[in-house]
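Written below as structure tokens is the structure these notes are about.
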Amino acid sequence: MALDYEQQYYSSSIKYIVGCDEAGRGCLLGDVFAGAVILPKDFKCDLINDSKQLSEKQREEAFEIIKKNAIAWGVGRCTAEEIDEINILNASRLAMERAIDNMNHRFDMIITDAVKMYKYDCPREALVHGDALSQCVAAASIIAKVSRDHYCLELDKKYPEYEIAKHKGYGTKVHMDALKKYGPIQGLHRFSYAPIKKLFIEKISLF
């Protein structure tokens, strides 16, 4: 499938289109990350695709290609505590806003992967399956995913007993077994998420 959705919008008034996507929305721990990318209008790279369709090695390679060739790119994030306070949808939106602001570049349009944006006074489209239709959104998904994976590797060094490098914060058996043994970590795990909330309540009830 050609990732050329945004091509229809280029015009004399729309020269810079920023794609946005997030990573880590379904995780039980850590920050949710967002990427924002402006690509040259005529840029093409077969490796750029929905990050979920790429291997880890392919994502890392695409990550470097995007950083080298993008007109501008940025990363934004929201902490687990922010997610618990404002919910994951609003946190994902805020992370996207931070990613866009961190680009430090003008833009004329925003295309996101299904998340509606309200902050900016320009054309905006919340495109369902945007990372499979738009090259700039796919690029943003790679920036977000690889940035979050790197962050998870750092967390793994700090909390080796949770084996975060293996599961990246998702609710796998390895992660759930570690949670049952060691309990959730304040400031790292998302206590508004049902599996964490349940474990926390069970732990409190033991005392």
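Residue numbering restarts at 1 for every chain of the structure tokens, chains are lettered A, B, ... in their displayed order, and ligands are numbered from 1 as they appear.
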
Excluding stretch 40-49 of chain A and any residue of its chain fewer than 2 positions from it, enumerate the residues within 12 Å of it, using only C-alpha atoms, and give them as a PDB file with C-alpha atoms, in the first residue's frame.
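part-v7.pdb, freshly written:
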ATOM      1  CA  MET A   1       0.000   0.000   0.000  1.00  0.00           C
ATOM      2  CA  ALA A   2       1.353   3.429  -0.958  1.00  0.00           C
ATOM      3  CA  LEU A   3       1.750   5.761   1.990  1.00  0.00           C
ATOM      4  CA  ASP A   4       0.882   8.861  -0.001  1.00  0.00           C
ATOM      5  CA  TYR A   5      -2.313  10.118   1.664  1.00  0.00           C
ATOM      6  CA  GLU A   6      -0.873  13.555   2.418  1.00  0.00           C
ATOM      7  CA  GLN A   7       0.072  14.231  -1.223  1.00  0.00           C
ATOM      8  CA  GLN A   8      -3.472  15.417  -1.970  1.00  0.00           C
ATOM      9  CA  TYR A   9      -3.084  18.357   0.427  1.00  0.00           C
ATOM     10  CA  TYR A  10       0.099  19.986  -0.820  1.00  0.00           C
ATOM     11  CA  SER A  11      -0.618  23.394  -2.339  1.00  0.00           C
ATOM     12  CA  ILE A  14       0.177  23.937   2.518  1.00  0.00           C
ATOM     13  CA  LYS A  15       3.899  23.251   2.145  1.00  0.00           C
ATOM     14  CA  TYR A  16       4.761  21.660   5.487  1.00  0.00           C
ATOM     15  CA  ILE A  17       2.612  18.772   6.711  1.00  0.00           C
ATOM     16  CA  VAL A  18       3.417  17.291  10.109  1.00  0.00           C
ATOM     17  CA  GLY A  19       2.509  13.701  10.904  1.00  0.00           C
ATOM     18  CA  VAL A  37       7.698  14.544  11.611  1.00  0.00           C
ATOM     19  CA  ILE A  38       7.731  16.854   8.599  1.00  0.00           C
ATOM     20  CA  SER A  51       6.160   0.786  13.124  1.00  0.00           C
ATOM     21  CA  LYS A  52       4.191  -2.312  14.174  1.00  0.00           C
ATOM     22  CA  GLN A  53       4.906  -3.845  10.752  1.00  0.00           C
ATOM     23  CA  LEU A  54       8.679  -3.506  11.104  1.00  0.00           C
ATOM     24  CA  SER A  55      11.227  -5.584  12.986  1.00  0.00           C
ATOM     25  CA  LYS A  57      16.285  -3.766  13.370  1.00  0.00           C
ATOM     26  CA  GLN A  58      14.190  -2.214  10.590  1.00  0.00           C
ATOM     27  CA  ARG A  59      12.757   0.368  12.995  1.00  0.00           C
ATOM     28  CA  GLU A  60      16.223   1.376  14.149  1.00  0.00           C
ATOM     29  CA  GLU A  61      17.374   1.755  10.539  1.00  0.00           C
ATOM     30  CA  ALA A  62      14.281   3.755   9.595  1.00  0.00           C
ATOM     31  CA  PHE A  63      14.729   5.914  12.709  1.00  0.00           C
ATOM     32  CA  GLU A  64      18.158   7.040  11.492  1.00  0.00           C
ATOM     33  CA  ILE A  65      16.889   7.618   7.927  1.00  0.00           C
ATOM     34  CA  ILE A  66      14.041   9.798   9.188  1.00  0.00           C
ATOM     35  CA  LYS A  68      18.707  12.418   8.572  1.00  0.00           C
ATOM     36  CA  ASN A  69      16.124  13.313   5.908  1.00  0.00           C
ATOM     37  CA  ALA A  70      13.226  14.994   7.748  1.00  0.00           C
ATOM     38  CA  ILE A  71      12.737  18.737   7.424  1.00  0.00           C
ATOM     39  CA  ALA A  72      11.944  18.644  11.147  1.00  0.00           C
ATOM     40  CA  TRP A  73      11.134  16.074  13.790  1.00  0.00           C
ATOM     41  CA  HIS A 129      -5.040   3.921  10.440  1.00  0.00           C
ATOM     42  CA  GLY A 130      -2.986   6.974   9.561  1.00  0.00           C
ATOM     43  CA  ASP A 131       0.282   5.107  10.114  1.00  0.00           C
ATOM     44  CA  ALA A 132      -0.717   2.721   7.302  1.00  0.00           C
ATOM     45  CA  LEU A 133      -1.839   5.473   4.911  1.00  0.00           C
ATOM     46  CA  SER A 134       0.409   8.481   5.399  1.00  0.00           C
ATOM     47  CA  GLN A 135       4.196   8.463   5.161  1.00  0.00           C
ATOM     48  CA  CYS A 136       4.652  11.313   7.619  1.00  0.00           C
ATOM     49  CA  VAL A 137       2.402   9.604  10.190  1.00  0.00           C
ATOM     50  CA  ALA A 138       4.245   6.306   9.668  1.00  0.00           C
ATOM     51  CA  ALA A 139       7.521   8.153  10.199  1.00  0.00           C
ATOM     52  CA  ALA A 140       6.142   9.685  13.386  1.00  0.00           C
ATOM     53  CA  SER A 141       5.116   6.223  14.600  1.00  0.00           C
ATOM     54  CA  ILE A 142       8.713   5.036  14.132  1.00  0.00           C
ATOM     55  CA  ILE A 143      10.165   8.048  15.939  1.00  0.00           C
TER      56      ILE A 143
END

Practice prompt. Would you kindly return, as a ChimeraX atom specification, each protein, DNA or RNA residue with an atom no farther than 12 Å from any atom of stretch 84-95 of chain A, considering only C-alpha atoms and excluding same-chain residues fewer than 2 positions away?
Written response: /A:20-36,74-82,97-102,112-120,126,144,186-194,196-197

Enumerate, as a PyMOL selection string, the complete set of residues in stretch 1-164 of chain A that a backbone-based DSSP assignment places in strand (DSSP E or B).
-> chain A and resi 4+17-23+29+32-38+72-78+109-112+124-126+134

Go ahead and save the residues from that selection, with N, CA and C atoms, as a compact mmCIF listing (two decimals), in the first residue's frame.
# COMPACT_ATOMS: atom_id res chain seq x y z
N ASP A 4 0.83 7.56 0.67
CA ASP A 4 0.88 8.86 0.00
C ASP A 4 -0.35 9.72 0.27
N ILE A 17 3.62 19.61 6.05
CA ILE A 17 2.61 18.77 6.71
C ILE A 17 3.31 17.94 7.79
N VAL A 18 2.82 18.05 9.01
CA VAL A 18 3.42 17.29 10.11
C VAL A 18 2.55 16.07 10.41
N GLY A 19 3.18 14.93 10.49
CA GLY A 19 2.51 13.70 10.90
C GLY A 19 2.79 13.43 12.37
N CYS A 20 1.79 12.93 13.09
CA CYS A 20 1.95 12.64 14.52
C CYS A 20 1.41 11.25 14.84
N ASP A 21 2.10 10.57 15.74
CA ASP A 21 1.62 9.29 16.25
C ASP A 21 2.22 9.07 17.63
N GLU A 22 1.65 8.12 18.36
CA GLU A 22 2.13 7.83 19.71
C GLU A 22 2.58 6.39 19.83
N ALA A 23 3.28 6.10 20.92
CA ALA A 23 3.71 4.73 21.23
C ALA A 23 3.60 4.53 22.74
N LEU A 29 3.25 0.56 32.22
CA LEU A 29 4.21 1.39 32.94
C LEU A 29 4.84 2.42 32.01
N VAL A 32 4.07 7.66 27.94
CA VAL A 32 3.60 7.51 26.57
C VAL A 32 4.40 8.50 25.74
N PHE A 33 4.89 8.05 24.59
CA PHE A 33 5.73 8.88 23.72
C PHE A 33 4.96 9.25 22.47
N ALA A 34 5.30 10.39 21.88
CA ALA A 34 4.74 10.79 20.59
C ALA A 34 5.86 11.29 19.70
N GLY A 35 5.69 11.05 18.41
CA GLY A 35 6.61 11.59 17.42
C GLY A 35 5.88 12.57 16.51
N ALA A 36 6.60 13.56 16.04
CA ALA A 36 6.08 14.51 15.05
C ALA A 36 7.14 14.66 13.96
N VAL A 37 6.73 14.53 12.71
CA VAL A 37 7.70 14.54 11.61
C VAL A 37 7.16 15.34 10.42
N ILE A 38 7.99 16.20 9.88
CA ILE A 38 7.73 16.85 8.60
C ILE A 38 8.73 16.29 7.60
N ALA A 72 11.95 18.44 9.70
CA ALA A 72 11.94 18.64 11.15
C ALA A 72 11.32 17.42 11.80
N TRP A 73 11.75 17.15 13.02
CA TRP A 73 11.13 16.07 13.79
C TRP A 73 11.24 16.39 15.28
N GLY A 74 10.32 15.84 16.04
CA GLY A 74 10.32 16.09 17.48
C GLY A 74 9.73 14.92 18.24
N VAL A 75 10.08 14.84 19.50
CA VAL A 75 9.56 13.81 20.40
C VAL A 75 8.92 14.50 21.59
N GLY A 76 7.76 13.99 22.00
CA GLY A 76 7.10 14.47 23.21
C GLY A 76 6.68 13.29 24.06
N ARG A 77 6.45 13.53 25.33
CA ARG A 77 6.08 12.44 26.21
C ARG A 77 5.23 12.93 27.38
N CYS A 78 4.45 12.02 27.94
CA CYS A 78 3.71 12.28 29.17
C CYS A 78 4.01 11.17 30.15
N MET A 109 -0.24 22.06 8.26
CA MET A 109 -1.29 21.07 8.44
C MET A 109 -0.77 19.97 9.37
N ILE A 110 -1.70 19.36 10.10
CA ILE A 110 -1.37 18.24 10.98
C ILE A 110 -2.21 17.03 10.59
N ILE A 111 -1.56 15.88 10.45
CA ILE A 111 -2.28 14.62 10.28
C ILE A 111 -1.84 13.71 11.42
N THR A 112 -2.80 13.23 12.20
CA THR A 112 -2.50 12.33 13.31
C THR A 112 -3.08 10.95 13.02
N ARG A 124 -6.42 20.26 10.31
CA ARG A 124 -6.03 19.10 11.10
C ARG A 124 -6.89 17.92 10.69
N GLU A 125 -6.29 16.75 10.59
CA GLU A 125 -7.05 15.55 10.27
C GLU A 125 -6.64 14.41 11.19
N ALA A 126 -7.64 13.81 11.83
CA ALA A 126 -7.43 12.62 12.66
C ALA A 126 -7.75 11.42 11.77
N SER A 134 -0.35 7.25 5.58
CA SER A 134 0.41 8.48 5.40
C SER A 134 1.87 8.25 5.77

Residues of stretch 109-184 of chain A in alpha helix (DSSP H) according to DSSP, as an mmCIF file with N, CA and C atoms, in the first residue's frame?
data_model
loop_
_atom_site.group_PDB
_atom_site.id
_atom_site.type_symbol
_atom_site.label_atom_id
_atom_site.label_comp_id
_atom_site.auth_asym_id
_atom_site.auth_seq_id
_atom_site.Cartn_x
_atom_site.Cartn_y
_atom_site.Cartn_z
ATOM 1 N N GLN A 135 2.775 8.668 4.901
ATOM 2 C CA GLN A 135 4.196 8.463 5.161
ATOM 3 C C GLN A 135 4.679 9.273 6.359
ATOM 4 N N CYS A 136 4.183 10.496 6.498
ATOM 5 C CA CYS A 136 4.652 11.313 7.619
ATOM 6 C C CYS A 136 4.123 10.785 8.950
ATOM 7 N N VAL A 137 2.927 10.215 8.962
ATOM 8 C CA VAL A 137 2.402 9.604 10.190
ATOM 9 C C VAL A 137 3.164 8.316 10.498
ATOM 10 N N ALA A 138 3.445 7.521 9.466
ATOM 11 C CA ALA A 138 4.245 6.306 9.668
ATOM 12 C C ALA A 138 5.620 6.659 10.225
ATOM 13 N N ALA A 139 6.219 7.711 9.690
ATOM 14 C CA ALA A 139 7.521 8.153 10.199
ATOM 15 C C ALA A 139 7.422 8.576 11.658
ATOM 16 N N ALA A 140 6.347 9.274 11.995
ATOM 17 C CA ALA A 140 6.142 9.685 13.386
ATOM 18 C C ALA A 140 5.966 8.474 14.301
ATOM 19 N N SER A 141 5.306 7.428 13.792
ATOM 20 C CA SER A 141 5.116 6.223 14.600
ATOM 21 C C SER A 141 6.459 5.560 14.896
ATOM 22 N N ILE A 142 7.378 5.614 13.937
ATOM 23 C CA ILE A 142 8.713 5.036 14.132
ATOM 24 C C ILE A 142 9.513 5.869 15.132
ATOM 25 N N ILE A 143 9.468 7.175 14.989
ATOM 26 C CA ILE A 143 10.165 8.048 15.939
ATOM 27 C C ILE A 143 9.663 7.804 17.356
ATOM 28 N N ALA A 144 8.349 7.705 17.517
ATOM 29 C CA ALA A 144 7.768 7.491 18.847
ATOM 30 C C ALA A 144 8.151 6.127 19.410
ATOM 31 N N LYS A 145 8.017 5.089 18.597
ATOM 32 C CA LYS A 145 8.269 3.726 19.054
ATOM 33 C C LYS A 145 9.735 3.518 19.415
ATOM 34 N N VAL A 146 10.656 3.932 18.561
ATOM 35 C CA VAL A 146 12.074 3.728 18.838
ATOM 36 C C VAL A 146 12.517 4.564 20.034
ATOM 37 N N SER A 147 12.025 5.781 20.134
ATOM 38 C CA SER A 147 12.358 6.630 21.287
ATOM 39 C C SER A 147 11.882 5.980 22.581
ATOM 40 N N ARG A 148 10.677 5.410 22.550
ATOM 41 C CA ARG A 148 10.173 4.753 23.763
ATOM 42 C C ARG A 148 10.942 3.481 24.071
ATOM 43 N N ASP A 149 11.302 2.722 23.044
ATOM 44 C CA ASP A 149 12.091 1.509 23.268
ATOM 45 C C ASP A 149 13.432 1.847 23.928
ATOM 46 N N HIS A 150 14.080 2.905 23.482
ATOM 47 C CA HIS A 150 15.345 3.325 24.081
ATOM 48 C C HIS A 150 15.141 3.696 25.551
ATOM 49 N N TYR A 151 14.043 4.383 25.836
ATOM 50 C CA TYR A 151 13.689 4.756 27.206
ATOM 51 C C TYR A 151 13.472 3.502 28.060
ATOM 52 N N CYS A 152 12.823 2.490 27.496
ATOM 53 C CA CYS A 152 12.569 1.249 28.240
ATOM 54 C C CYS A 152 13.867 0.513 28.550
ATOM 55 N N LEU A 153 14.845 0.591 27.651
ATOM 56 C CA LEU A 153 16.140 -0.035 27.914
ATOM 57 C C LEU A 153 16.831 0.640 29.090
ATOM 58 N N GLU A 154 16.661 1.955 29.219
ATOM 59 C CA GLU A 154 17.218 2.665 30.376
ATOM 60 C C GLU A 154 16.494 2.269 31.655
ATOM 61 N N LEU A 155 15.159 2.131 31.578
ATOM 62 C CA LEU A 155 14.401 1.680 32.742
ATOM 63 C C LEU A 155 14.828 0.284 33.177
ATOM 64 N N ASP A 156 15.145 -0.560 32.199
ATOM 65 C CA ASP A 156 15.558 -1.926 32.497
ATOM 66 C C ASP A 156 16.832 -1.950 33.348
ATOM 67 N N LYS A 157 17.732 -1.018 33.092
ATOM 68 C CA LYS A 157 18.956 -0.932 33.886
ATOM 69 C C LYS A 157 18.658 -0.511 35.324
ATOM 70 N N LYS A 158 17.634 0.324 35.485
ATOM 71 C CA LYS A 158 17.279 0.840 36.806
ATOM 72 C C LYS A 158 16.458 -0.159 37.600
ATOM 73 N N ILE A 164 12.134 -5.138 31.942
ATOM 74 C CA ILE A 164 11.409 -4.212 31.063
ATOM 75 C C ILE A 164 11.899 -4.286 29.623
ATOM 76 N N ALA A 165 13.173 -4.612 29.422
ATOM 77 C CA ALA A 165 13.703 -4.728 28.059
ATOM 78 C C ALA A 165 12.979 -5.805 27.266
ATOM 79 N N LYS A 166 12.443 -6.800 27.949
ATOM 80 C CA LYS A 166 11.746 -7.888 27.270
ATOM 81 C C LYS A 166 10.333 -7.506 26.845
ATOM 82 N N HIS A 167 9.625 -6.791 27.694
ATOM 83 C CA HIS A 167 8.186 -6.550 27.434
ATOM 84 C C HIS A 167 7.840 -5.095 27.138
ATOM 85 N N LYS A 173 3.236 -12.055 30.405
ATOM 86 C CA LYS A 173 3.339 -12.935 31.576
ATOM 87 C C LYS A 173 4.574 -12.574 32.409
ATOM 88 N N VAL A 174 5.687 -12.278 31.731
ATOM 89 C CA VAL A 174 6.913 -11.899 32.446
ATOM 90 C C VAL A 174 6.675 -10.670 33.309
ATOM 91 N N HIS A 175 6.006 -9.678 32.720
ATOM 92 C CA HIS A 175 5.726 -8.438 33.450
ATOM 93 C C HIS A 175 4.747 -8.689 34.599
ATOM 94 N N MET A 176 3.691 -9.414 34.345
ATOM 95 C CA MET A 176 2.689 -9.663 35.377
ATOM 96 C C MET A 176 3.278 -10.487 36.520
ATOM 97 N N ASP A 177 4.127 -11.447 36.203
ATOM 98 C CA ASP A 177 4.775 -12.246 37.255
ATOM 99 C C ASP A 177 5.660 -11.354 38.133
ATOM 100 N N ALA A 178 6.389 -10.421 37.501
ATOM 101 C CA ALA A 178 7.231 -9.497 38.269
ATOM 102 C C ALA A 178 6.378 -8.576 39.135
ATOM 103 N N LEU A 179 5.272 -8.132 38.604
ATOM 104 C CA LEU A 179 4.364 -7.271 39.371
ATOM 105 C C LEU A 179 3.804 -7.998 40.591
ATOM 106 N N LYS A 180 3.451 -9.257 40.404
ATOM 107 C CA LYS A 180 2.915 -10.031 41.530
ATOM 108 C C LYS A 180 3.974 -10.262 42.599
ATOM 109 N N LYS A 181 5.226 -10.387 42.168
ATOM 110 C CA LYS A 181 6.317 -10.645 43.115
ATOM 111 C C LYS A 181 6.790 -9.372 43.803
ATOM 112 N N TYR A 182 6.929 -8.280 43.037
ATOM 113 C CA TYR A 182 7.541 -7.062 43.585
ATOM 114 C C TYR A 182 6.552 -5.911 43.791
#

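A straight line drawn from atom CA of A:Pro160 to atom CA of A:Ile83 is 23.5 Å long.
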
task = Mind giving me the straight-line distance from atom CA of A:Met96 to atom CA of A:Lys67 in Å, one decimal?
result =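 Computed distance, atom CA of A:Met96 to atom CA of A:Lys67, equals 17.4 Å.
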
**Q.** Interatomic distance (Å, one decimal) between atom CA of A:Phe107 and atom CA of A:Val128
**A.**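 Taking atom CA of A:Phe107 and atom CA of A:Val128, their separation equals 21.1 Å.
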